[in-house]
Each structure stands twice: as structure tokens, then as C-alpha cells.
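Asker: Have a peek at model_35.txt (compact mmCIF, C-alpha atoms and all ligand atoms).
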# COMPACT_ATOMS: atom_id res chain seq x y z
CA MET A 1 216.66 192.08 55.00
CA SER A 2 215.61 188.68 56.29
CA THR A 3 212.01 187.59 56.83
CA LEU A 4 210.67 185.55 59.74
CA ILE A 5 210.96 182.46 57.53
CA ASP A 6 214.63 183.25 56.81
CA GLU A 7 215.29 183.64 60.54
CA LEU A 8 213.53 180.41 61.48
CA LYS A 9 215.42 178.53 58.76
CA LYS A 10 218.68 179.81 60.28
CA GLY A 11 217.60 178.53 63.69
CA GLN A 12 216.86 181.96 65.16
CA ARG A 13 213.95 182.10 67.61
CA PRO A 14 212.27 185.52 68.01
CA GLY A 15 211.02 186.14 71.55
CA PHE A 16 207.34 186.40 70.59
CA LEU A 17 207.19 182.72 69.56
CA SER A 18 207.02 181.41 73.12
CA GLN A 19 204.19 183.81 73.99
CA ILE A 20 202.22 182.75 70.92
CA ALA A 21 202.84 179.06 71.58
CA SER A 22 201.61 179.44 75.15
CA HIS A 23 198.49 181.33 74.03
CA GLU A 24 197.74 178.60 71.49
CA SER A 25 198.52 175.73 73.91
CA LEU A 26 201.09 174.47 71.37
CA ASP A 27 204.70 173.63 71.94
CA GLU A 28 207.10 176.06 70.31
CA GLU A 29 208.69 173.54 67.94
CA THR A 30 205.28 172.53 66.56
CA LEU A 31 204.44 176.19 65.99
CA ILE A 32 207.76 176.76 64.19
CA GLU A 33 207.29 173.64 62.03
CA ARG A 34 203.84 174.90 60.94
CA VAL A 35 205.11 178.40 60.15
CA LEU A 36 207.95 176.92 58.08
CA SER A 37 205.53 174.67 56.19
CA GLY A 38 203.29 177.68 55.46
CA ARG A 39 200.25 176.26 57.28
CA VAL A 40 200.51 178.97 59.96
CA VAL A 41 201.36 182.64 59.46
CA ILE A 42 202.51 185.23 61.98
CA CYS A 43 201.74 188.59 60.38
CA ARG A 44 204.31 191.10 61.60
CA ASN A 45 205.87 193.97 59.70
CA ARG A 46 209.46 194.33 60.88
CA ARG A 47 208.71 198.02 61.69
CA HIS A 48 205.71 197.27 63.89
CA GLU A 49 206.37 196.75 67.61
CA PHE A 50 203.47 194.81 69.12
CA ASP A 51 202.43 191.34 70.29
CA PRO A 52 201.80 189.34 67.11
CA ILE A 53 199.44 186.39 66.80
CA ALA A 54 199.41 183.18 64.79
CA ILE A 55 196.78 182.28 62.18
CA GLY A 56 196.42 178.81 60.72
CA ALA A 57 196.48 175.07 61.37
CA GLY A 58 196.09 174.06 65.01
CA THR A 59 195.75 177.62 66.30
CA ARG A 60 192.58 179.19 67.63
CA ILE A 61 190.25 180.57 64.96
CA LYS A 62 190.96 184.29 64.58
CA VAL A 63 188.54 187.15 63.84
CA ASN A 64 189.17 190.28 61.79
CA ALA A 65 187.20 193.53 61.91
CA ASN A 66 187.14 195.81 58.87
CA ILE A 67 187.19 199.50 59.78
CA GLY A 68 187.60 202.61 57.66
CA ALA A 69 186.13 205.85 56.42
CA SER A 70 184.16 206.25 53.20
CA PRO A 71 183.69 209.35 51.03
CA THR A 72 180.24 209.88 52.54
CA GLN A 73 181.31 209.36 56.17
CA CYS A 74 184.85 210.44 56.84
CA ASP A 75 185.29 210.91 60.58
CA PHE A 76 188.53 209.31 61.74
CA GLU A 77 187.79 210.03 65.42
CA ASP A 78 184.79 207.78 65.01
CA GLU A 79 186.87 205.15 63.19
CA ILE A 80 189.42 205.08 66.03
CA VAL A 81 186.59 204.49 68.51
CA LYS A 82 185.42 201.63 66.26
CA VAL A 83 188.89 200.09 66.21
CA LYS A 84 188.99 200.19 70.01
CA ALA A 85 185.43 198.81 70.23
CA ALA A 86 186.43 195.94 67.91
CA ILE A 87 189.48 195.13 70.03
CA GLY A 88 187.41 195.37 73.21
CA ALA A 89 184.90 192.91 71.74
CA GLY A 90 187.68 190.41 70.98
CA ALA A 91 188.88 191.10 67.41
CA ASP A 92 192.32 189.57 66.77
CA THR A 93 193.16 191.80 63.79
CA VAL A 94 191.90 194.98 62.19
CA MET A 95 191.90 195.90 58.51
CA ASP A 96 191.82 199.54 57.48
CA LEU A 97 189.61 199.73 54.39
CA SER A 98 189.43 203.53 54.24
CA ILE A 99 188.74 205.03 50.83
CA ALA A 100 188.77 208.72 51.76
CA GLY A 101 190.51 211.32 53.94
CA ASP A 102 193.84 211.25 55.79
CA ILE A 103 194.24 207.49 55.73
CA GLY A 104 197.95 207.55 56.63
CA GLY A 105 197.26 209.63 59.76
CA PHE A 106 194.52 207.22 60.78
CA ARG A 107 196.75 204.17 60.35
CA SER A 108 199.54 205.79 62.35
CA ARG A 109 197.13 206.30 65.22
CA VAL A 110 195.97 202.69 65.06
CA LEU A 111 199.58 201.47 65.05
CA ASP A 112 200.58 203.81 67.90
CA GLU A 113 197.53 203.38 70.12
CA CYS A 114 196.56 199.74 69.58
CA ASN A 115 198.43 196.49 70.21
CA ILE A 116 196.96 194.64 67.21
CA THR A 117 197.81 193.15 63.81
CA LEU A 118 196.92 195.64 61.05
CA GLY A 119 195.98 194.81 57.48
CA THR A 120 195.17 196.95 54.42
CA VAL A 121 194.17 196.72 50.75
CA PRO A 122 196.74 199.02 49.05
CA VAL A 123 194.82 199.25 45.76
CA TYR A 124 192.14 201.27 47.56
CA GLU A 125 194.53 204.05 48.55
CA ALA A 126 196.19 203.87 45.13
CA MET A 127 192.79 204.59 43.53
CA ILE A 128 191.99 207.66 45.66
CA GLY A 129 191.97 210.78 43.48
CA LEU A 130 191.87 208.89 40.18
CA PRO A 131 188.81 209.44 37.98
CA HIS A 132 188.89 205.86 36.60
CA PRO A 133 190.72 202.59 37.37
CA SER A 134 192.31 202.74 33.89
CA GLU A 135 194.62 205.49 35.23
CA LEU A 136 196.09 203.25 37.88
CA THR A 137 199.72 202.31 37.23
CA LEU A 138 202.14 199.80 38.67
CA ASP A 139 204.38 202.60 39.98
CA ARG A 140 201.53 204.32 41.75
CA PHE A 141 200.45 201.02 43.30
CA LEU A 142 203.98 200.15 44.47
CA LYS A 143 204.46 203.63 45.96
CA VAL A 144 201.33 203.22 48.05
CA MET A 145 202.35 199.72 49.06
CA GLN A 146 205.78 200.96 50.13
CA LYS A 147 204.29 203.87 52.09
CA GLN A 148 201.96 201.53 53.95
CA ALA A 149 204.82 199.10 54.53
CA GLU A 150 206.93 201.88 56.03
CA GLU A 151 204.07 202.82 58.33
CA GLY A 152 204.11 199.28 59.72
CA VAL A 153 201.16 197.48 58.09
CA ASP A 154 201.46 193.74 58.85
CA PHE A 155 199.45 192.12 56.07
CA MET A 156 198.12 193.31 52.73
CA THR A 157 195.36 192.08 50.46
CA ILE A 158 196.62 191.91 46.88
CA HIS A 159 194.23 190.91 44.08
CA SER A 160 196.83 189.28 41.82
CA GLY A 161 194.79 186.15 41.02
CA LEU A 162 192.10 187.82 38.91
CA LEU A 163 193.26 187.47 35.32
CA TRP A 164 192.14 188.54 31.86
CA GLU A 165 191.11 184.94 31.07
CA HIS A 166 188.58 184.96 33.95
CA LEU A 167 186.57 187.91 32.73
CA PRO A 168 184.34 186.00 30.23
CA SER A 169 183.13 183.61 32.95
CA VAL A 170 181.96 186.58 35.05
CA LYS A 171 179.27 187.23 32.41
CA ASN A 172 177.48 184.04 33.47
CA ARG A 173 176.99 185.37 36.97
CA VAL A 174 173.94 186.86 38.62
CA LEU A 175 175.97 189.51 40.45
CA GLY A 176 179.26 189.73 38.52
CA VAL A 177 182.27 191.11 40.42
CA VAL A 178 181.48 192.30 43.96
CA SER A 179 184.97 192.72 45.41
CA ARG A 180 186.08 196.39 45.41
CA GLY A 181 189.66 195.43 44.51
CA GLY A 182 188.43 192.91 41.95
CA SER A 183 186.19 195.48 40.28
CA ILE A 184 189.09 197.96 40.02
CA MET A 185 191.37 195.41 38.36
CA ALA A 186 188.61 194.06 36.08
CA ALA A 187 187.91 197.62 34.86
CA TRP A 188 191.68 198.21 34.35
CA MET A 189 192.07 195.04 32.25
CA LYS A 190 188.97 195.77 30.15
CA HIS A 191 190.19 199.28 29.40
CA HIS A 192 193.77 198.30 28.53
CA GLN A 193 192.82 194.95 26.98
CA ARG A 194 195.70 193.25 28.72
CA GLU A 195 196.73 191.22 31.74
CA SER A 196 196.57 192.67 35.25
CA PHE A 197 199.82 194.33 36.38
CA LEU A 198 199.27 192.86 39.82
CA TYR A 199 199.91 189.47 38.21
CA THR A 200 202.50 190.33 35.56
CA HIS A 201 204.59 192.24 38.12
CA PHE A 202 203.95 190.05 41.14
CA ASP A 203 207.73 189.74 41.56
CA ARG A 204 207.93 193.50 42.32
CA ILE A 205 205.19 193.14 44.92
CA LEU A 206 207.03 190.22 46.49
CA GLU A 207 210.25 192.23 46.67
CA LEU A 208 208.51 194.84 48.81
CA ALA A 209 206.80 192.19 50.93
CA ARG A 210 210.21 190.61 51.60
CA GLU A 211 211.81 193.95 52.46
CA TYR A 212 209.31 194.73 55.23
CA ASP A 213 208.33 191.13 56.02
CA ILE A 214 204.71 191.71 55.12
CA THR A 215 202.35 188.75 54.94
CA MET A 216 200.54 188.49 51.61
CA SER A 217 196.80 187.97 51.82
CA LEU A 218 195.89 186.89 48.30
CA GLY A 219 192.54 188.53 47.59
CA ASP A 220 189.64 186.79 45.90
CA GLY A 221 188.57 189.44 43.42
CA LEU A 222 186.00 186.99 42.05
CA ARG A 223 184.45 185.97 45.34
CA PRO A 224 180.77 185.15 44.85
CA GLY A 225 178.51 188.02 45.89
CA CYS A 226 175.40 185.85 46.02
CA THR A 227 174.71 182.21 46.77
CA ALA A 228 173.77 181.54 43.11
CA ASP A 229 177.33 182.45 42.04
CA ALA A 230 179.11 180.32 44.66
CA ASN A 231 181.70 177.72 43.61
CA ASP A 232 181.41 178.74 39.95
CA GLU A 233 183.96 178.67 37.14
CA ALA A 234 185.07 182.26 37.83
CA GLN A 235 185.68 181.67 41.55
CA PHE A 236 187.52 178.39 41.13
CA GLY A 237 189.46 179.68 38.09
CA GLU A 238 190.91 182.46 40.24
CA LEU A 239 191.60 179.98 43.05
CA GLU A 240 193.90 177.98 40.74
CA VAL A 241 195.97 181.14 40.16
CA LEU A 242 196.04 181.86 43.90
CA GLY A 243 197.52 178.39 44.40
CA GLU A 244 200.34 179.25 41.97
CA LEU A 245 200.95 182.57 43.76
CA VAL A 246 201.11 180.84 47.14
CA GLN A 247 204.07 178.84 45.84
CA ARG A 248 205.78 181.97 44.51
CA CYS A 249 205.43 183.65 47.93
CA ARG A 250 206.85 180.57 49.64
CA ASP A 251 209.77 180.43 47.21
CA GLU A 252 210.68 183.96 48.36
CA HIS A 253 210.15 183.10 52.06
CA VAL A 254 207.22 185.52 52.23
CA GLN A 255 204.34 184.34 54.41
CA VAL A 256 201.01 184.03 52.65
CA MET A 257 197.34 183.38 53.32
CA VAL A 258 194.42 183.17 50.90
CA GLU A 259 191.10 184.99 51.02
CA GLY A 260 187.74 183.38 50.32
CA PRO A 261 184.05 184.12 49.97
CA GLY A 262 181.65 185.80 50.34
CA HIS A 263 178.17 184.28 49.84
CA VAL A 264 178.08 180.46 49.84
CA PRO A 265 175.09 178.23 50.57
CA TYR A 266 175.55 175.92 53.54
CA HIS A 267 175.96 172.72 51.50
CA LEU A 268 178.76 174.18 49.32
CA ILE A 269 180.98 175.47 52.14
CA GLU A 270 182.81 172.17 52.70
CA GLU A 271 183.84 171.89 49.03
CA ASN A 272 184.96 175.51 49.09
CA VAL A 273 187.29 175.04 52.04
CA ARG A 274 188.64 171.65 51.00
CA ARG A 275 189.49 172.89 47.50
CA GLN A 276 191.26 175.96 48.84
CA LYS A 277 193.34 173.88 51.24
CA LYS A 278 194.30 171.43 48.48
CA ILE A 279 195.09 173.95 45.73
CA CYS A 280 196.87 176.37 48.08
CA GLN A 281 198.87 173.63 49.82
CA GLY A 282 197.46 174.20 53.31
CA ALA A 283 197.88 178.00 53.32
CA PRO A 284 195.71 179.65 55.99
CA PHE A 285 192.23 180.41 54.65
CA TYR A 286 190.68 183.79 55.46
CA VAL A 287 186.95 183.93 54.73
CA LEU A 288 184.52 186.83 54.63
CA GLY A 289 181.49 185.31 56.35
CA PRO A 290 180.57 183.34 54.31
CA LEU A 291 176.93 184.42 54.25
CA VAL A 292 174.68 181.38 53.93
CA ILE A 293 171.63 183.26 52.59
CA ASP A 294 171.40 186.47 50.57
CA TYR A 295 168.43 188.20 52.22
CA ALA A 296 169.45 188.54 55.89
CA ALA A 297 170.06 192.31 55.54
CA GLY A 298 170.15 193.79 59.04
CA TYR A 299 171.09 190.32 60.38
CA ASP A 300 173.99 189.51 58.05
CA HIS A 301 176.27 189.10 61.09
CA ILE A 302 174.18 186.03 61.97
CA ALA A 303 174.19 184.69 58.37
CA GLY A 304 177.97 185.23 58.35
CA ALA A 305 178.56 183.59 61.73
CA ILE A 306 176.66 180.47 60.65
CA GLY A 307 178.76 180.20 57.50
CA GLY A 308 181.94 181.12 59.37
CA ALA A 309 181.44 178.38 61.96
CA LEU A 310 180.94 175.75 59.27
CA ALA A 311 183.87 177.01 57.20
CA ALA A 312 186.13 176.99 60.27
CA TRP A 313 184.98 173.48 61.15
CA PHE A 314 186.09 172.29 57.70
CA GLY A 315 189.44 174.08 57.96
CA ALA A 316 189.11 177.87 57.45
CA ASP A 317 191.44 179.61 59.92
CA PHE A 318 190.51 183.26 59.95
CA LEU A 319 187.03 184.82 59.90
CA CYS A 320 186.45 188.32 58.64
CA TYR A 321 183.47 189.63 60.54
CA VAL A 322 180.25 190.75 58.93
CA THR A 323 178.20 193.42 60.71
CA PRO A 324 174.42 193.98 60.82
CA ALA A 325 175.13 196.96 58.52
CA GLU A 326 176.47 194.78 55.68
CA HIS A 327 174.98 195.79 52.32
CA LEU A 328 173.26 198.76 54.00
CA ARG A 329 175.61 201.42 55.42
CA LEU A 330 179.00 202.12 56.98
CA PRO A 331 178.89 200.26 60.32
CA THR A 332 178.34 202.21 63.54
CA ILE A 333 180.30 201.48 66.72
CA GLU A 334 177.51 199.19 67.91
CA ASP A 335 177.43 197.40 64.52
CA VAL A 336 181.18 196.78 64.86
CA ARG A 337 180.75 195.34 68.36
CA GLU A 338 177.91 193.07 67.28
CA GLY A 339 179.79 191.92 64.20
CA VAL A 340 182.90 190.99 66.16
CA ILE A 341 180.88 189.18 68.83
CA ALA A 342 178.92 187.16 66.25
CA SER A 343 182.18 186.02 64.62
CA LYS A 344 183.77 185.31 68.01
CA ILE A 345 180.86 183.00 68.84
CA ALA A 346 181.46 181.13 65.56
CA ALA A 347 185.21 180.94 66.25
CA SER A 348 184.77 179.85 69.88
CA ALA A 349 182.26 177.14 68.93
CA VAL A 350 184.86 175.54 66.66
CA ASP A 351 187.69 175.98 69.18
CA LEU A 352 185.57 174.19 71.80
CA ALA A 353 184.70 171.39 69.36
CA ARG A 354 188.46 170.96 68.82
CA ASN A 355 189.05 170.69 72.57
CA HIS A 356 191.11 173.82 72.95
CA PRO A 357 192.00 173.83 76.69
CA ARG A 358 191.21 177.54 77.23
CA GLU A 359 187.83 177.15 75.57
CA ILE A 360 186.94 174.08 77.63
CA GLN A 361 187.96 175.91 80.80
CA ARG A 362 185.90 179.02 80.04
CA ASN A 363 182.75 177.02 79.25
CA LEU A 364 183.13 174.96 82.39
CA ALA A 365 183.74 178.03 84.55
CA MET A 366 180.56 179.62 83.17
CA SER A 367 178.51 176.52 83.94
CA GLU A 368 179.85 176.36 87.49
CA ALA A 369 179.13 180.05 88.03
CA ARG A 370 175.53 179.41 86.88
CA GLN A 371 175.23 176.54 89.30
CA ARG A 372 176.37 178.83 92.18
CA PHE A 373 174.19 181.78 91.05
CA ASP A 374 177.44 183.70 90.87
CA TRP A 375 176.14 186.52 88.67
CA GLU A 376 179.34 188.54 88.81
CA GLY A 377 181.38 185.52 87.76
CA GLN A 378 178.98 184.89 84.88
CA GLN A 379 179.22 188.49 83.78
CA ASN A 380 183.02 188.36 83.71
CA LEU A 381 183.00 185.16 81.66
CA ALA A 382 180.26 186.25 79.25
CA ILE A 383 181.22 187.02 75.66
CA ASP A 384 179.59 190.44 76.08
CA PRO A 385 179.69 191.46 79.78
CA ALA A 386 177.91 194.78 79.09
CA LYS A 387 174.95 193.06 77.45
CA PHE A 388 174.87 190.48 80.26
CA CYS A 389 174.53 193.33 82.75
CA ASP A 390 171.84 195.13 80.71
CA TYR A 391 169.71 192.03 80.35
CA LEU A 392 170.00 190.49 83.83
CA GLU A 393 166.80 190.66 85.92
CA LYS A 394 167.28 188.90 89.19
CA VAL A 395 164.13 188.05 91.15
CA ASP A 396 163.30 186.75 94.60
CA PRO A 397 161.20 183.64 93.97
CA ASP A 398 160.83 182.90 97.65
CA THR A 399 160.57 185.71 100.16
CA GLU A 400 162.49 183.56 102.64
CA GLY A 401 165.18 182.83 100.10
CA ASP A 402 168.19 184.55 98.66
CA PRO A 403 167.10 187.38 96.34
CA ASN A 404 170.11 186.65 94.17
CA GLN A 405 168.78 183.23 93.20
CA ALA A 406 166.70 182.89 90.01
CA CYS A 407 166.05 185.34 87.22
CA SER A 408 162.80 186.51 85.65
CA MET A 409 162.93 183.71 83.06
CA CYS A 410 161.38 181.15 85.46
CA GLY A 411 161.06 182.92 88.84
CA GLU A 412 159.84 180.46 91.48
CA TRP A 413 160.15 177.69 88.87
CA CYS A 414 163.90 178.18 88.78
CA ALA A 415 165.16 174.66 88.04
CA LEU A 416 168.64 175.34 89.36
CA LYS A 417 167.34 176.56 92.68
CA ARG A 418 164.85 173.70 93.02
CA ALA A 419 167.37 171.05 92.14
CA ASN A 420 169.85 172.38 94.67
CA SER A 421 167.50 173.07 97.59
CA ARG A 422 167.00 170.46 100.31
S1 LIG B 501 165.23 181.25 86.73
FE1 LIG B 501 165.44 179.81 85.02
S2 LIG B 501 166.80 180.87 83.57
FE2 LIG B 501 166.94 181.98 85.50
S3 LIG B 501 168.68 181.06 86.57
FE3 LIG B 501 166.91 179.88 87.24
S4 LIG B 501 166.77 178.16 85.79
FE4 LIG B 501 168.16 179.67 84.88
Would you mind writing the file out in C-alpha cells?

Answerer:
Amino acid sequence: MSTLIDELKKGQRPGFLSQIASHESLDEETLIERVLSGRVVICRNRRHEFDPIAIGAGTRIKVNANIGASPTQCDFEDEIVKVKAAIGAGADTVMDLSIAGDIGGFRSRVLDECNITLGTVPVYEAMIGLPHPSELTLDRFLKVMQKQAEEGVDFMTIHSGLLWEHLPSVKNRVLGVVSRGGSIMAAWMKHHQRESFLYTHFDRILELAREYDITMSLGDGLRPGCTADANDEAQFGELEVLGELVQRCRDEHVQVMVEGPGHVPYHLIEENVRRQKKICQGAPFYVLGPLVIDYAAGYDHIAGAIGGALAAWFGADFLCYVTPAEHLRLPTIEDVREGVIASKIAASAVDLARNHPREIQRNLAMSEARQRFDWEGQQNLAIDPAKFCDYLEKVDPDTEGDPNQACSMCGEWCALKRANSR
């Protein structure tokens, strides 16, 4: 079976390329050159029929929403509503992080009902039903990976970079290992006193990825879980291994991106991104947040959007949203919406700063609608039209005037009305 990279190398041009190029305001040959160099990925399982997107250099910053049931809240009807709410709010991709219930049934519904890129973390499903990570085996992991691949999952997080040699440096941390996948593999290695099978058998994982044309998303099992642990020996030690694995993916013509933190103080974000880009040879960088302070609980979507905007400005390509529920509970539908919108604001700010034509046009159209007091036009252009509608309070500042001019912010002091009246 050939992968997208194989096809492009043979000169084949799948139909979706022109649609992606147009959406990104790129010419098709530039897009192809970046995919071939590994700086852009198009995540698309060969079994999944949908409109894929591009992630990486020169494309718009993309936003992912994590959805999924937990053992304490396992209502897949609710999770489907969340997926649709995330897409409605502008998410570009969805990851199913379920750790309980009929996960396969849920993913099938997402794939059938939603036109979106789907990602997973196979080690989660492989762990379900096991009393301890030590009982996890390579075969069990590969079976789950194959099952998810057959369902049509487009990209998978694989924590192959966390090695035995990194475990001592974790002891110097305030918060240790905070990644779910990382904690599973750290516990496995400690129990068996040997190297992670996700690393020693990475060739088997790559075989499956090639067969279904799955994009590898190399997980950062040692991402810092607090600002004090950012950019430490453990994090950067794992990053070196991720760089090696990027090359192995590319050698097999499997597309690859790399995941990143986490919690990182503002002044360390630039180093984080620049190092990843250098070590991983320009592979797309997919960051979770990063959260710029540790105590914004309830407002972590804002802490994450601030970090995400800065990371994207320095070269991160893909932002995993953070919701107001982070660190506190499974997100509600409203948490999901707010999380996506916060990350979309971060992404759009960077797209505008990079002069993306669609972003310039939307900002200009909004400003012109404000100038005309075109409230309906403003609502349609707003990042959250429903909230725009809820908040709007039009007033009549002048009984002779147009009641649609001015809002309750300034009333008769409305600067726009004053400046435009004769
Ligand atoms: S009243 Fe103030 S905030 Fe409202 S439209 Fe006029 S200038 Fe803008």
C-alpha cells in the first residue's frame, strides 16, 4: 500500500490537494514541496472519506479539541454533542481521548457523522481493562492500533520517545510525569526494568502506520506539567529521541508531527519552539497550550491561548485547546466551545500577523460593519455569533436618530455616531 508521500513522489496528485491549497492561499506545488519535505502534514487515513486539512509551515494555525468519556462520566451521546460543538466553534481536528465505555462505537459515529480529521492515543484503549500498566504488551498495543486504523483514525499519538534513560531526571521535577501515556510507559519500564516497547518495536508501529497511511504524532510523555519543570533535562532529553524518530518516519514515507508542552513560562516558549524545529528538522509542532502560569484554574483556556499565540508566532503549527475545566473536571459542552474559541483567537491573531489574506479580509469586513452599524454583519463575522447576540444591547442615543446606532457602552457618547454625523 502506498502512502501520500509515495504517491506524491511518483507524481500523483490526489484531488484534495487543490482544495487545501486554495483554503491556505498557497499554490499547489508549494504545498506539495512542503509535504514532501515533512514541514507540512495532511493527516488522512486511506479508509477515511472526508475533506482533509494541512498542518505545518505556511498554513493557517490549526486547533484541536480533545473529547472523550472517562470512567466517572461515560455518556457518548454527550460526547457526540461536544464533538459537534467543537466543530461548530471552529475546531480543525478532534482527538478521541476516551478511557471508558464503547470507544469504537463512539469513534465510528464521529467518523460517519463529522467531516473532520480524527486523532487518538491508542495506548489508552490498550490499557482499558488492565489492572496495571505492567500487563500491557506489544501485541495488545498493536491490535488496538490496527483496530483504530481500520476504523479510519487519521493520526495517532505514540509515546515512543520516553526512554528508560530519562526516568532518573524525572526525579528532579516538581510534578514528575503528567502525561497519561507517559505515566503508563514509565510505570511499564519501572516494573520490567527495561526499555519501552514503543521504542524498541517502533518499526512494527511504522509498518501499521504505512499500511493505513496514518500520520504519527510523536507524544511528549515528559511534557512539563508545571512552569518550574519547563525546558528541563527530562523534556529536552525526550525531544532528542523524538528527532531521531522523525527521521525514521520520514525514511518510511510516513508523515509525522511532534507534540509539545504543557506548562511553559512566557519567556521560555521561544526556546522551546526553536529547539523542536531544529531537532525535529522542521516537523510540524503540536502544542498543548502551553499554559503560561500554573494557577489559572477555571481560566486555563486563557492561560493556554496566551501561550499558544506566542508558540505559534515562533513556529508552532497546531494548538491543542485547553478548556476552562482543565485540571478540574471533564469539560462540559460549554467548556468545549469556550476552549475552542480561545484557541481560535490565538491562532487567528498569528494568521493575521502573517498577513493571511482570509484573515485580513475578515478583520476588515468586521471593521467596516462596525462603521456602518451593521449589527447583523458583525454578528455573522464574530468569532462567536451566539455570544455576540446575547451581549448586544442597542440603544437610541438620540430620539430623532436611528435606534440601531450606538450600544449601551457609550450611548449618546457613541464616538462612531458622532464622528459620522454632519
Ligand atoms: S456606543 Fe461606543 S461601543 Fe457602542 S458602537 Fe458606539 S462607539 Fe462602539

Asker: Counting all atoms listed in the file, what are the residues of stretch 260-305 of chain A within 12 Å of stretch 332-355 of chain A, and for each of them which pair of atoms is the nearest and at what distance in Å, to one decimal? Sort the table by chain and rising number, as a Markdown table.

Answerer:
| residue | atom | partner | partner_atom | distance |
| --- | --- | --- | --- | --- |
| A:Val287 | CA | A:Ser343 | CA | 11.2 |
| A:Leu288 | CA | A:Ser343 | CA | 10.3 |
| A:Gly289 | CA | A:Ser343 | CA | 8.3 |
| A:Pro290 | CA | A:Ser343 | CA | 10.8 |
| A:Leu291 | CA | A:Ser343 | CA | 11.7 |
| A:Gly298 | CA | A:Asp335 | CA | 9.8 |
| A:Tyr299 | CA | A:Gly339 | CA | 9.6 |
| A:Asp300 | CA | A:Gly339 | CA | 8.8 |
| A:His301 | CA | A:Gly339 | CA | 5.5 |
| A:Ile302 | CA | A:Ala342 | CA | 6.5 |
| A:Ala303 | CA | A:Ala342 | CA | 9.5 |
| A:Gly304 | CA | A:Ser343 | CA | 7.6 |
| A:Ala305 | CA | A:Ser343 | CA | 5.2 |

Asker: List the neighbours of stretch 202-217 of chain A out to 8 Å using all atoms listed in the file; skip same-chain residues closer than 6 positions along the sequence, and give me the result as number ranges by chain.

Answerer: A: 1-4, 41-47, 142, 145-146, 149-150, 153-158, 160, 249, 252-259

Asker: Out of A:Lys84, A:His166, A:Arg358, A:Arg173, which residue has the shortest atom-to-atom distance to A:Ala230 when counting only C-alpha atoms?

Answerer: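 Ranked by minimum distance to A:Ala230, first place goes to A:Arg173.
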
Asker: In Å, with one decimal, what is the gap from atom CA of A:Ala186 to atom CA of A:Pro168?

Answerer: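 If I compute the distance from atom CA of A:Ala186 to atom CA of A:Pro168, I get 10.8 Å.
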
Asker: Hey, which bits of chain A sit within 8 Å of ligand LIG 501 (chain B), and for each residue what's the closest pair of atoms and how far apart in Å (one decimal), counting all atoms listed in the file, rows by chain and increasing number, as JSON lines?

Answerer:
{"residue": "A:Arg370", "atom": "CA", "partner": "B:LIG501", "partner_atom": "S3", "distance": 7.1}
{"residue": "A:Phe373", "atom": "CA", "partner": "B:LIG501", "partner_atom": "S3", "distance": 7.1}
{"residue": "A:Lys394", "atom": "CA", "partner": "B:LIG501", "partner_atom": "FE2", "distance": 7.8}
{"residue": "A:Gln405", "atom": "CA", "partner": "B:LIG501", "partner_atom": "S3", "distance": 7.0}
{"residue": "A:Ala406", "atom": "CA", "partner": "B:LIG501", "partner_atom": "S1", "distance": 4.0}
{"residue": "A:Cys407", "atom": "CA", "partner": "B:LIG501", "partner_atom": "FE2", "distance": 3.9}
{"residue": "A:Ser408", "atom": "CA", "partner": "B:LIG501", "partner_atom": "S1", "distance": 5.9}
{"residue": "A:Met409", "atom": "CA", "partner": "B:LIG501", "partner_atom": "S2", "distance": 4.8}
{"residue": "A:Cys410", "atom": "CA", "partner": "B:LIG501", "partner_atom": "S1", "distance": 4.1}
{"residue": "A:Gly411", "atom": "CA", "partner": "B:LIG501", "partner_atom": "S1", "distance": 5.0}
{"residue": "A:Glu412", "atom": "CA", "partner": "B:LIG501", "partner_atom": "S1", "distance": 7.2}
{"residue": "A:Trp413", "atom": "CA", "partner": "B:LIG501", "partner_atom": "S1", "distance": 6.6}
{"residue": "A:Cys414", "atom": "CA", "partner": "B:LIG501", "partner_atom": "FE3", "distance": 3.8}
{"residue": "A:Ala415", "atom": "CA", "partner": "B:LIG501", "partner_atom": "S4", "distance": 4.5}
{"residue": "A:Leu416", "atom": "CA", "partner": "B:LIG501", "partner_atom": "S4", "distance": 4.9}
{"residue": "A:Lys417", "atom": "CA", "partner": "B:LIG501", "partner_atom": "FE3", "distance": 6.4}

Asker: Could you check which of A:Glu368, A:Glu49, A:Glu393, A:Asp96 is closest to A:Leu381, using all atoms listed in the file?

Answerer: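 Going through A:Glu368, A:Glu49, A:Glu393, A:Asp96 one by one, the smallest distance to A:Leu381 is for A:Glu368.
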
Asker: Find the residues around A:Ile99 up to 9 Å (all atoms listed in the file counted), leave out those fewer than 2 positions away in its own chain, and share them as a PyMOL selection string.

Answerer: chain A and resi 68-71+74+97+101+103+124-125+127-128

Asker: Rank nothing, just name the residue among A:Val177, A:Gly260, A:Gln371, A:Phe388 nearest to A:Ala419, using all atoms listed in the file.

Answerer: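 Smallest separation from A:Ala419 among the options: A:Gln371.
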
Asker: Using only C-alpha atoms, pick whichever of A:Arg140, A:Asp92, A:Phe197, A:Cys226 has the shortest atom-to-atom distance to A:Arg60.

Answerer: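 Of all the options, A:Asp92 lies closest to A:Arg60.
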